[in-house]
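Student: Pasting start_15.cif below, which is mmCIF, C-alpha atoms and all ligand atoms; chains and numbers go by the auth columns.
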```
data_upload
loop_
_atom_site.group_PDB
_atom_site.id
_atom_site.type_symbol
_atom_site.label_atom_id
_atom_site.label_comp_id
_atom_site.label_asym_id
_atom_site.label_seq_id
_atom_site.Cartn_x
_atom_site.Cartn_y
_atom_site.Cartn_z
_atom_site.B_iso_or_equiv
_atom_site.auth_seq_id
_atom_site.auth_asym_id
ATOM 1 C CA MET A 1 12.092 -151.340 94.114 0.00 2 A
ATOM 2 C CA LYS A 2 14.773 -153.220 95.990 0.00 3 A
ATOM 3 C CA ARG A 3 16.116 -151.553 99.148 0.00 4 A
ATOM 4 C CA SER A 4 19.643 -152.067 97.754 0.00 5 A
ATOM 5 C CA GLU A 5 18.697 -149.983 94.685 0.00 6 A
ATOM 6 C CA ILE A 6 17.292 -147.243 96.936 0.00 7 A
ATOM 7 C CA ASN A 7 20.452 -147.238 99.102 0.00 8 A
ATOM 8 C CA GLU A 8 22.655 -147.006 96.001 0.00 9 A
ATOM 9 C CA ALA A 9 20.560 -144.115 94.641 0.00 10 A
ATOM 10 C CA ILE A 10 20.938 -142.249 97.952 0.00 11 A
ATOM 11 C CA ARG A 11 24.729 -142.800 98.005 0.00 12 A
ATOM 12 C CA PHE A 12 25.006 -141.568 94.404 0.00 13 A
ATOM 13 C CA SER A 13 22.831 -138.523 95.150 0.00 14 A
ATOM 14 C CA LYS A 14 24.868 -137.510 98.195 0.00 15 A
ATOM 15 C CA GLY A 15 28.015 -137.656 96.027 0.00 16 A
ATOM 16 C CA LEU A 16 26.486 -135.587 93.213 0.00 17 A
ATOM 17 C CA LEU A 17 25.177 -132.991 95.692 0.00 18 A
ATOM 18 C CA GLU A 18 28.626 -132.734 97.330 0.00 19 A
ATOM 19 C CA LYS A 19 30.196 -132.196 93.875 0.00 20 A
ATOM 20 C CA ASN A 20 27.716 -129.355 93.318 0.00 21 A
ATOM 21 C CA ASN A 21 28.389 -127.876 96.792 0.00 22 A
ATOM 22 C CA PHE A 22 24.787 -128.571 97.834 0.00 23 A
ATOM 23 C CA ARG A 23 24.553 -129.626 101.485 0.00 24 A
ATOM 24 C CA LEU A 24 21.355 -131.092 102.939 0.00 25 A
ATOM 25 C CA PRO A 25 19.977 -130.507 106.473 0.00 26 A
ATOM 26 C CA PRO A 26 21.232 -132.729 109.346 0.00 27 A
ATOM 27 C CA PHE A 27 18.401 -135.293 109.248 0.00 28 A
ATOM 28 C CA ALA A 28 19.403 -136.243 105.684 0.00 29 A
ATOM 29 C CA TYR A 29 22.475 -137.945 107.134 0.00 30 A
ATOM 30 C CA TRP A 30 20.919 -139.582 110.255 0.00 31 A
ATOM 31 C CA THR A 31 21.201 -143.363 110.476 0.00 32 A
ATOM 32 C CA ILE A 32 18.150 -145.422 111.458 0.00 33 A
ATOM 33 C CA ASP A 33 19.474 -145.508 115.058 0.00 34 A
ATOM 34 C CA GLU A 34 19.816 -141.698 115.078 0.00 35 A
ATOM 35 C CA TRP A 35 16.226 -141.379 113.786 0.00 36 A
ATOM 36 C CA LYS A 36 15.093 -143.617 116.651 0.00 37 A
ATOM 37 C CA LYS A 37 17.069 -141.487 119.119 0.00 38 A
ATOM 38 C CA HIS A 38 15.324 -138.308 117.844 0.00 39 A
ATOM 39 C CA LYS A 39 11.897 -139.980 117.726 0.00 40 A
ATOM 40 C CA ASP A 40 10.284 -137.487 120.160 0.00 41 A
ATOM 41 C CA LYS A 41 11.350 -134.477 118.066 0.00 42 A
ATOM 42 C CA ILE A 42 10.401 -135.541 114.539 0.00 43 A
ATOM 43 C CA GLY A 43 6.665 -134.807 114.674 0.00 44 A
ATOM 44 C CA THR A 44 6.820 -131.962 112.136 0.00 45 A
ATOM 45 C CA ILE A 45 9.394 -133.692 109.895 0.00 46 A
ATOM 46 C CA SER A 46 7.141 -136.731 109.737 0.00 47 A
ATOM 47 C CA ARG A 47 3.846 -134.835 109.339 0.00 48 A
ATOM 48 C CA VAL A 48 4.994 -132.619 106.457 0.00 49 A
ATOM 49 C CA MET A 49 7.097 -135.473 104.990 0.00 50 A
ATOM 50 C CA LEU A 50 10.573 -133.961 104.934 0.00 51 A
ATOM 51 C CA GLY A 51 13.417 -136.191 103.814 0.00 52 A
ATOM 52 C CA TRP A 52 14.382 -138.865 101.286 0.00 53 A
ATOM 53 C CA ASP A 53 11.808 -139.889 98.705 0.00 54 A
ATOM 54 C CA ILE A 54 13.067 -142.405 96.154 0.00 55 A
ATOM 55 C CA THR A 55 10.534 -143.681 93.659 0.00 56 A
ATOM 56 C CA ASP A 56 10.271 -145.485 90.340 0.00 57 A
ATOM 57 C CA PHE A 57 6.598 -144.428 90.094 0.00 58 A
ATOM 58 C CA GLY A 58 5.779 -148.156 89.892 0.00 59 A
ATOM 59 C CA SER A 59 7.667 -148.492 86.572 0.00 60 A
ATOM 60 C CA GLU A 60 10.214 -151.079 87.818 0.00 61 A
ATOM 61 C CA LYS A 61 12.662 -149.250 85.520 0.00 62 A
ATOM 62 C CA PHE A 62 14.163 -146.779 87.976 0.00 63 A
ATOM 63 C CA GLU A 63 16.963 -145.671 85.625 0.00 64 A
ATOM 64 C CA GLU A 64 14.373 -144.629 83.025 0.00 65 A
ATOM 65 C CA VAL A 65 11.337 -143.564 85.034 0.00 66 A
ATOM 66 C CA GLY A 66 12.098 -142.481 88.573 0.00 67 A
ATOM 67 C CA ALA A 67 13.859 -139.932 90.716 0.00 68 A
ATOM 68 C CA VAL A 68 15.616 -139.272 93.978 0.00 69 A
ATOM 69 C CA LEU A 69 13.765 -136.454 95.687 0.00 70 A
ATOM 70 C CA PHE A 70 14.620 -134.847 99.013 0.00 71 A
ATOM 71 C CA THR A 71 12.061 -132.553 100.646 0.00 72 A
ATOM 72 C CA ILE A 72 14.007 -129.879 102.508 0.00 73 A
ATOM 73 C CA ARG A 73 11.078 -127.811 103.821 0.00 74 A
ATOM 74 C CA ASN A 74 7.300 -128.012 103.644 0.00 75 A
ATOM 75 C CA GLY A 75 4.066 -127.125 105.383 0.00 76 A
ATOM 76 C CA ASP A 76 0.781 -128.866 106.071 0.00 77 A
ATOM 77 C CA VAL A 77 -2.080 -128.055 103.694 0.00 78 A
ATOM 78 C CA TYR A 78 -4.655 -128.806 106.412 0.00 79 A
ATOM 79 C CA GLN A 79 -2.900 -127.356 109.448 0.00 80 A
ATOM 80 C CA LYS A 80 -1.214 -124.173 108.289 0.00 81 A
ATOM 81 C CA SER A 81 0.580 -123.668 111.625 0.00 82 A
ATOM 82 C CA THR A 82 2.714 -126.780 111.018 0.00 83 A
ATOM 83 C CA GLY A 83 5.934 -126.380 109.075 0.00 84 A
ATOM 84 C CA THR A 84 6.330 -123.528 106.586 0.00 85 A
ATOM 85 C CA PRO A 85 3.809 -121.923 104.160 0.00 86 A
ATOM 86 C CA TYR A 86 6.060 -123.023 101.260 0.00 87 A
ATOM 87 C CA ALA A 87 8.103 -126.036 100.155 0.00 88 A
ATOM 88 C CA GLU A 88 11.525 -126.808 98.723 0.00 89 A
ATOM 89 C CA LYS A 89 12.870 -130.027 97.235 0.00 90 A
ATOM 90 C CA VAL A 90 16.019 -131.105 95.529 0.00 91 A
ATOM 91 C CA ILE A 91 15.671 -133.777 92.828 0.00 92 A
ATOM 92 C CA ILE A 92 18.482 -135.887 91.348 0.00 93 A
ATOM 93 C CA LEU A 93 18.061 -137.257 87.825 0.00 94 A
ATOM 94 C CA ARG A 94 20.624 -139.431 86.031 0.00 95 A
ATOM 95 C CA GLN A 95 21.437 -138.776 82.423 0.00 96 A
ATOM 96 C CA GLU A 96 22.504 -142.213 81.146 0.00 97 A
ATOM 97 C CA LYS A 97 18.950 -143.375 80.343 0.00 98 A
ATOM 98 C CA GLU A 98 17.376 -139.910 80.537 0.00 99 A
ATOM 99 C CA GLN A 99 15.785 -140.667 83.928 0.00 100 A
ATOM 100 C CA LYS A 100 12.383 -139.035 83.928 0.00 101 A
ATOM 101 C CA ILE A 101 9.580 -137.826 86.171 0.00 102 A
ATOM 102 C CA PRO A 102 6.494 -138.893 84.165 0.00 103 A
ATOM 103 C CA MET A 103 3.831 -136.561 82.778 0.00 104 A
ATOM 104 C CA HIS A 104 1.684 -134.992 85.497 0.00 105 A
ATOM 105 C CA CYS A 105 0.165 -131.756 86.683 0.00 106 A
ATOM 106 C CA HIS A 106 -0.789 -130.435 90.103 0.00 107 A
ATOM 107 C CA ARG A 107 -4.250 -129.656 91.432 0.00 108 A
ATOM 108 C CA ALA A 108 -3.155 -126.843 93.731 0.00 109 A
ATOM 109 C CA LYS A 109 0.626 -126.516 93.815 0.00 110 A
ATOM 110 C CA THR A 110 2.536 -123.861 91.874 0.00 111 A
ATOM 111 C CA GLU A 111 6.190 -124.821 91.513 0.00 112 A
ATOM 112 C CA ASP A 112 9.373 -123.372 90.129 0.00 113 A
ATOM 113 C CA ILE A 113 11.564 -126.135 88.672 0.00 114 A
ATOM 114 C CA ILE A 114 15.184 -125.001 88.684 0.00 115 A
ATOM 115 C CA ASN A 115 18.365 -126.345 87.087 0.00 116 A
ATOM 116 C CA ARG A 116 20.733 -126.241 90.092 0.00 117 A
ATOM 117 C CA GLY A 117 23.623 -127.765 88.154 0.00 118 A
ATOM 118 C CA GLY A 118 25.349 -130.788 86.697 0.00 119 A
ATOM 119 C CA GLY A 119 23.457 -131.145 83.413 0.00 120 A
ATOM 120 C CA VAL A 120 20.658 -129.876 81.219 0.00 121 A
ATOM 121 C CA LEU A 121 17.011 -130.135 82.264 0.00 122 A
ATOM 122 C CA SER A 122 14.599 -131.084 79.474 0.00 123 A
ATOM 123 C CA ILE A 123 10.925 -130.454 80.173 0.00 124 A
ATOM 124 C CA GLN A 124 7.898 -131.248 78.011 0.00 125 A
ATOM 125 C CA LEU A 125 4.793 -129.096 78.444 0.00 126 A
ATOM 126 C CA TYR A 126 1.051 -129.295 77.766 0.00 127 A
ATOM 127 C CA GLY A 127 -1.896 -127.271 78.990 0.00 128 A
ATOM 128 C CA SER A 128 -5.091 -128.922 80.250 0.00 129 A
ATOM 129 C CA ASP A 129 -8.530 -128.880 78.654 0.00 130 A
ATOM 130 C CA LYS A 130 -11.856 -128.050 80.358 0.00 131 A
ATOM 131 C CA GLN A 131 -12.095 -131.596 81.781 0.00 132 A
ATOM 132 C CA GLY A 132 -8.583 -131.288 83.235 0.00 133 A
ATOM 133 C CA ASN A 133 -7.058 -133.724 80.731 0.00 134 A
ATOM 134 C CA ILE A 134 -3.982 -133.063 78.603 0.00 135 A
ATOM 135 C CA ASP A 135 -4.636 -130.539 75.814 0.00 136 A
ATOM 136 C CA ASN A 136 -2.862 -131.552 72.601 0.00 137 A
ATOM 137 C CA ASN A 137 -3.759 -128.373 70.716 0.00 138 A
ATOM 138 C CA GLU A 138 -3.522 -125.170 72.726 0.00 139 A
ATOM 139 C CA ASP A 139 -0.235 -123.324 73.105 0.00 140 A
ATOM 140 C CA VAL A 140 1.241 -123.091 76.591 0.00 141 A
ATOM 141 C CA GLU A 141 2.167 -119.774 78.199 0.00 142 A
ATOM 142 C CA VAL A 142 4.712 -119.955 80.997 0.00 143 A
ATOM 143 C CA PHE A 143 7.033 -117.687 82.904 0.00 144 A
ATOM 144 C CA MET A 144 10.716 -118.529 82.967 0.00 145 A
ATOM 145 C CA ASP A 145 12.777 -116.396 85.345 0.00 146 A
ATOM 146 C CA GLY A 146 10.243 -113.592 85.248 0.00 147 A
ATOM 147 C CA ILE A 147 9.755 -113.459 81.467 0.00 148 A
ATOM 148 C CA GLN A 148 6.696 -114.916 79.701 0.00 149 A
ATOM 149 C CA TYR A 149 7.152 -117.415 76.850 0.00 150 A
ATOM 150 C CA CYS A 150 4.709 -119.230 74.570 0.00 151 A
ATOM 151 C CA PHE A 151 5.360 -122.864 73.534 0.00 152 A
ATOM 152 C CA ARG A 152 3.463 -125.291 71.295 0.00 153 A
ATOM 153 C CA ALA A 153 1.524 -128.108 73.006 0.00 154 A
ATOM 154 C CA GLY A 154 3.987 -130.946 73.673 0.00 155 A
ATOM 155 C CA GLU A 155 7.078 -128.845 73.014 0.00 156 A
ATOM 156 C CA THR A 156 10.247 -129.765 74.908 0.00 157 A
ATOM 157 C CA VAL A 157 12.114 -126.887 76.496 0.00 158 A
ATOM 158 C CA GLU A 158 15.737 -127.035 77.693 0.00 159 A
ATOM 159 C CA ILE A 159 16.583 -125.334 80.973 0.00 160 A
ATOM 160 C CA GLN A 160 20.237 -124.511 81.558 0.00 161 A
ATOM 161 C CA HIS A 161 22.178 -124.223 84.824 0.00 162 A
ATOM 162 C CA GLY A 162 20.725 -121.451 86.996 0.00 163 A
ATOM 163 C CA CYS A 163 17.554 -121.088 84.947 0.00 164 A
ATOM 164 C CA SER A 164 14.017 -122.073 85.970 0.00 165 A
ATOM 165 C CA ILE A 165 10.418 -122.446 84.848 0.00 166 A
ATOM 166 C CA THR A 166 7.219 -121.632 86.779 0.00 167 A
ATOM 167 C CA LEU A 167 4.539 -124.333 86.536 0.00 168 A
ATOM 168 C CA THR A 168 1.023 -123.337 87.589 0.00 169 A
ATOM 169 C CA PRO A 169 -1.795 -125.771 88.544 0.00 170 A
ATOM 170 C CA GLY A 170 -3.133 -127.695 85.535 0.00 171 A
ATOM 171 C CA LEU A 171 0.031 -127.266 83.469 0.00 172 A
ATOM 172 C CA TYR A 172 1.162 -130.779 82.495 0.00 173 A
ATOM 173 C CA HIS A 173 4.900 -131.494 82.613 0.00 174 A
ATOM 174 C CA ALA A 174 7.377 -134.364 82.361 0.00 175 A
ATOM 175 C CA PHE A 175 11.080 -133.708 82.859 0.00 176 A
ATOM 176 C CA TRP A 176 14.359 -135.543 82.558 0.00 177 A
ATOM 177 C CA ALA A 177 18.138 -135.181 82.500 0.00 178 A
ATOM 178 C CA LYS A 178 19.335 -134.681 78.918 0.00 179 A
ATOM 179 C CA LYS A 179 21.581 -137.548 77.818 0.00 180 A
ATOM 180 C CA GLY A 180 25.241 -136.626 77.460 0.00 181 A
ATOM 181 C CA ALA A 181 24.887 -133.375 79.414 0.00 182 A
ATOM 182 C CA GLY A 182 25.612 -134.842 82.876 0.00 183 A
ATOM 183 C CA ASP A 183 23.708 -136.073 85.913 0.00 184 A
ATOM 184 C CA LEU A 184 21.417 -133.355 87.098 0.00 185 A
ATOM 185 C CA VAL A 185 20.552 -131.534 90.312 0.00 186 A
ATOM 186 C CA VAL A 186 17.081 -129.995 90.060 0.00 187 A
ATOM 187 C CA GLY A 187 15.581 -127.607 92.606 0.00 188 A
ATOM 188 C CA GLU A 188 11.892 -127.213 93.310 0.00 189 A
ATOM 189 C CA VAL A 189 10.504 -124.191 95.162 0.00 190 A
ATOM 190 C CA SER A 190 6.736 -124.271 95.557 0.00 191 A
ATOM 191 C CA SER A 191 3.614 -123.683 97.544 0.00 192 A
ATOM 192 C CA ILE A 192 2.926 -126.350 100.204 0.00 193 A
ATOM 193 C CA ASN A 193 3.333 -129.827 98.755 0.00 194 A
ATOM 194 C CA ASP A 194 1.007 -132.767 99.425 0.00 195 A
ATOM 195 C CA ASP A 195 2.183 -135.756 97.390 0.00 196 A
ATOM 196 C CA ASN A 196 -0.704 -137.881 98.686 0.00 197 A
ATOM 197 C CA THR A 197 -3.411 -135.776 96.985 0.00 198 A
ATOM 198 C CA ASP A 198 -2.031 -133.125 94.614 0.00 199 A
ATOM 199 C CA ASN A 199 -0.512 -135.061 91.673 0.00 200 A
ATOM 200 C CA VAL A 200 -2.492 -135.920 88.523 0.00 201 A
ATOM 201 C CA PHE A 201 -0.533 -138.373 86.343 0.00 202 A
ATOM 202 C CA THR A 202 -1.547 -139.164 82.759 0.00 203 A
ATOM 203 C CA GLU A 203 -0.582 -142.856 83.119 0.00 204 A
ATOM 204 C CA PRO A 204 -1.334 -145.213 86.040 0.00 205 A
ATOM 205 C CA THR A 205 1.436 -144.462 88.517 0.00 206 A
ATOM 206 C CA GLU A 206 2.425 -145.342 92.049 0.00 207 A
ATOM 207 C CA ARG A 207 3.806 -142.211 93.693 0.00 208 A
ATOM 208 C CA PHE A 208 5.496 -144.297 96.427 0.00 209 A
ATOM 209 C CA SER A 209 7.086 -147.589 95.343 0.00 210 A
ATOM 210 C CA ALA A 210 6.604 -150.980 96.994 0.00 211 A
ATOM 211 C CA ILE A 211 9.966 -152.025 98.487 0.00 212 A
ATOM 212 C CA GLU A 212 11.648 -155.437 98.553 0.00 213 A
ATOM 213 C CA GLU A 213 13.858 -155.573 101.654 0.00 214 A
ATOM 214 C CA ASP A 214 17.084 -157.195 100.391 0.00 215 A
ATOM 215 C CA GLU A 215 19.374 -155.152 102.702 0.00 216 A
ATOM 216 C CA HIS A 216 19.134 -152.763 105.669 0.00 217 A
ATOM 217 C CA PRO A 217 17.917 -149.227 104.846 0.00 218 A
ATOM 218 C CA LEU A 218 20.573 -146.502 104.858 0.00 219 A
ATOM 219 C CA HIS A 219 17.894 -143.925 105.758 0.00 220 A
ATOM 220 C CA PRO A 220 14.125 -144.084 106.212 0.00 221 A
ATOM 221 C CA LEU A 221 12.015 -142.683 103.365 0.00 222 A
ATOM 222 C CA VAL A 222 9.427 -139.919 103.897 0.00 223 A
ATOM 223 C CA ASN A 223 6.576 -142.427 104.080 0.00 224 A
ATOM 224 C CA GLU A 224 8.379 -144.755 106.527 0.00 225 A
ATOM 225 C CA TYR A 225 8.705 -142.681 109.717 0.00 226 A
ATOM 226 C CA GLY A 226 5.691 -144.443 111.236 0.00 227 A
ATOM 227 C CA LYS A 227 7.703 -147.699 111.210 0.00 228 A
ATOM 228 C CA LEU A 228 10.651 -146.344 113.278 0.00 229 A
HETATM 229 FE FE FE B . 5.439 -131.364 89.191 0.00 301 A
#
```
As a first step, turn the structure in this file into structure tokens.
Ligand SMILES: [Fe+2]
Tutor:
Amino acid sequence: MKRSEINEAIRFSKGLLEKNNFRLPPFAYWTIDEWKKHKDKIGTISRVMLGWDITDFGSEKFEEVGAVLFTIRNGDVYQKSTGTPYAEKVIILRQEKEQKIPMHCHRAKTEDIINRGGGVLSIQLYGSDKQGNIDNNEDVEVFMDGIQYCFRAGETVEIQHGCSITLTPGLYHAFWAKKGAGDLVVGEVSSINDDNTDNVFTEPTERFSAIEEDEHPLHPLVNEYGKL
């Protein structure tokens, strides 16, 4: 991805979050110089990877396959005393080309995916077979806001504003902003998140994109604090 594309995605996301009365923690708005000024205090932020996370999953088609994610809180899988024993993210998806997070499941993380506002969240679901691969046959049982539902393998479910779905380890999911329904603010509340080890994608995917530096970064990304 180009840095200019990442900067534009961050500016757009801040605007959409403001419109939805969703305010991020202070470090979301720090400039690079402010990050450098706080360098001695950001050990936990850096270790548990809080902050901006913009990715096209290696697709080079950010508007179709990609997302702006912001990790608000998180812990450390290996050092439970660092951070919190839970995680929260906000995810911005644009509706024009049904921007999507591609099909994946988690090895360990259980997550609630929540429609926080702006549009309609479409999510496609599959279970996994004994080898851990996608299961094209078996129905999928999931809880949505405390009530259990059963869906066919590969069925797409629409989640409206305020509603959520609980995804347990091994449950494959891809989700996107439904076209015509508005740009979308998604919440994620989960067990501790480790994006370096926990994601199983069905297609070859880069979780963190390579970046072409065509302008100065507005903010560092979660995997760039070491460079400050
Ligand atoms: Fe997920």
Student: Report the distance between CA of Tyr87 in chain A and CA of Gly67 in chain A in Å, rounded to one decimal place.
Tutor: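 These two atoms are separated by 24.0 Å.
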Student: Using the chain letters and numbers from this file, what does the PyMOL selection byres (((chain A and resi 189) around 10) and not hetatm) select? Give the answer as a PyMOL selection string.
Tutor: chain A and resi 70-73+88-92+112-117+165-167+187-188+190-192
Student: If the PyMOL selection byres (((chain A and resi 177) around 8) and not hetatm) is run on the structure shown, which residues does it catch, given as a list in words?
Tutor: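 Output of the PyMOL selection byres (((chain A and resi 177) around 8) and not hetatm): Leu94, Gln96, Glu99, Gln100, Lys101, Ile102, Leu122, Ser123, Ile124, Ala175, Phe176, Ala178 and Lys179 of chain A.
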Student: Can I get the selection written as a tab-separated table (two decimals), in the frame of the given file, with C-alpha atoms?
Tutor:
```
chain	number	residue	atom	x	y	z
A	94	LEU	CA	18.06	-137.26	87.82
A	96	GLN	CA	21.44	-138.78	82.42
A	99	GLU	CA	17.38	-139.91	80.54
A	100	GLN	CA	15.78	-140.67	83.93
A	101	LYS	CA	12.38	-139.04	83.93
A	102	ILE	CA	9.58	-137.83	86.17
A	122	LEU	CA	17.01	-130.14	82.26
A	123	SER	CA	14.60	-131.08	79.47
A	124	ILE	CA	10.92	-130.45	80.17
A	175	ALA	CA	7.38	-134.36	82.36
A	176	PHE	CA	11.08	-133.71	82.86
A	178	ALA	CA	18.14	-135.18	82.50
A	179	LYS	CA	19.34	-134.68	78.92
```
Student: Identify, counting all atoms listed in the file, the protein, DNA and RNA residues located within 8 Å of ligand FE 301 (chain A), and give them as a PyMOL selection string.
Tutor: chain A and resi 105-107+112+168+173-175+200
Student: Write the residues of the preceding selection, restricted to C-alpha atoms, as a PDB file, in the frame of the given file.
Tutor:
```
ATOM      1  CA  HIS A 105       1.684-134.992  85.497  1.00  0.00           C
ATOM      2  CA  CYS A 106       0.165-131.756  86.683  1.00  0.00           C
ATOM      3  CA  HIS A 107      -0.789-130.435  90.103  1.00  0.00           C
ATOM      4  CA  GLU A 112       6.190-124.821  91.513  1.00  0.00           C
ATOM      5  CA  LEU A 168       4.539-124.333  86.536  1.00  0.00           C
ATOM      6  CA  TYR A 173       1.162-130.779  82.495  1.00  0.00           C
ATOM      7  CA  HIS A 174       4.900-131.494  82.613  1.00  0.00           C
ATOM      8  CA  ALA A 175       7.377-134.364  82.361  1.00  0.00           C
ATOM      9  CA  ASN A 200      -0.512-135.061  91.673  1.00  0.00           C
TER      10      ASN A 200
END
```
Student: Can you work out the spacing between CA of Asn194 in chain A and CA of Asn134 in chain A in Å, to one decimal?
Tutor: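 CA of Asn134 in chain A lies at a distance of 21.2 Å from CA of Asn194 in chain A.
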Student: So what do you get for CA of Val223 in chain A versus CA of Gly183 in chain A, distance-wise?
Tutor: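 Going from CA of Val223 in chain A over to CA of Gly183 in chain A covers 27.0 Å.
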Student: Extract, using all atoms listed in the file, all DNA, RNA and protein residues at most 10 Å from Phe23 in chain A, discarding same-chain residues fewer than 3 positions from it, and format them as a list in words.
Tutor: Lys15, Gly16, Leu17, Leu18, Glu19, Lys20, Val91, Arg117, Gly118 and Val186 of chain A
Student: Go ahead and save the picked residues with C-alpha atoms, as a PDB file, keeping the file's coordinate frame.
Tutor:
```
ATOM      1  CA  LYS A  15      24.868-137.510  98.195  1.00  0.00           C
ATOM      2  CA  GLY A  16      28.015-137.656  96.027  1.00  0.00           C
ATOM      3  CA  LEU A  17      26.486-135.587  93.213  1.00  0.00           C
ATOM      4  CA  LEU A  18      25.177-132.991  95.692  1.00  0.00           C
ATOM      5  CA  GLU A  19      28.626-132.734  97.330  1.00  0.00           C
ATOM      6  CA  LYS A  20      30.196-132.196  93.875  1.00  0.00           C
ATOM      7  CA  VAL A  91      16.019-131.105  95.529  1.00  0.00           C
ATOM      8  CA  ARG A 117      20.733-126.241  90.092  1.00  0.00           C
ATOM      9  CA  GLY A 118      23.623-127.765  88.154  1.00  0.00           C
ATOM     10  CA  VAL A 186      20.552-131.534  90.312  1.00  0.00           C
TER      11      VAL A 186
END
```
Student: Please write the residues picked by the PyMOL selection byres (((chain A and resi 199) around 12) and not hetatm) on this file as a PyMOL selection string.
Tutor: chain A and resi 78+105-111+170-171+192-198+200-202+208
Student: In file coordinates, which residues lie within 12 Å of (0.1, -130.9, 109.7) using only C-alpha atoms, given as a list in words?
Tutor: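 Output of the proximity query reads Gly44, Thr45, Ile46, Ser47, Arg48, Val49, Met50, Leu51, Asn75, Gly76, Asp77, Val78, Tyr79, Gln80, Lys81, Ser82, Thr83, Gly84, Thr85, Pro86, Ile193, Asn194 and Asp195 of chain A.
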Student: Which residues are close to range 211-218 of chain A, i.e. within 6 Å by all atoms listed in the file, leaving aside same-chain residues fewer than 3 positions away? Reply as a list in words.
Tutor: Met2, Lys3, Arg4 and Ser5 of chain A
Student: Selection from above, C-alpha atoms, as a CSV table (one decimal), in the coordinates of the input, can you write it?
Tutor:
```
chain,number,residue,atom,x,y,z
A,2,MET,CA,12.1,-151.3,94.1
A,3,LYS,CA,14.8,-153.2,96.0
A,4,ARG,CA,16.1,-151.6,99.1
A,5,SER,CA,19.6,-152.1,97.8
```
Student: Leu172 in chain A: which residues within 7 Å, counting all atoms listed in the file, same-chain residues fewer than 5 positions away excluded, as a PyMOL selection string?
Tutor: chain A and resi 106+127-129
Student: From the set A:Gly59, A:Pro26, A:Pro103, A:Gly147, which residue has the shortest atom-to-atom contact distance to Gln125 in chain A, counting only C-alpha atoms?
Tutor: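 Under the stated criterion, the closest residue is A:Pro103.
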Student: Applying 9 Å and all atoms listed in the file, which residues near Thr32 in chain A remain after dropping the ones on its own chain fewer than 6 positions away? List them as a CSV table (one decimal) with C-alpha atoms, keeping the file's coordinate frame.
Tutor:
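Once written, around_1.csv looks like this:
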```csv
chain,number,residue,atom,x,y,z
A,218,PRO,CA,17.9,-149.2,104.8
A,219,LEU,CA,20.6,-146.5,104.9
A,220,HIS,CA,17.9,-143.9,105.8
A,221,PRO,CA,14.1,-144.1,106.2
```
Student: Ranking A:Val121, A:Ile55, A:Leu185, A:Leu126 by minimum distance to Glu159 in chain A and counting all atoms listed in the file, which one comes first?
Tutor: A:Val121
Student: Point out the residue among A:Ile135, A:Phe58, A:Phe63, A:Gly52 with the least atom-to-atom distance to Glu225 in chain A, counting all atoms listed in the file.
Tutor: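 Going through A:Ile135, A:Phe58, A:Phe63, A:Gly52 one by one, the smallest distance to Glu225 in chain A is for A:Gly52.
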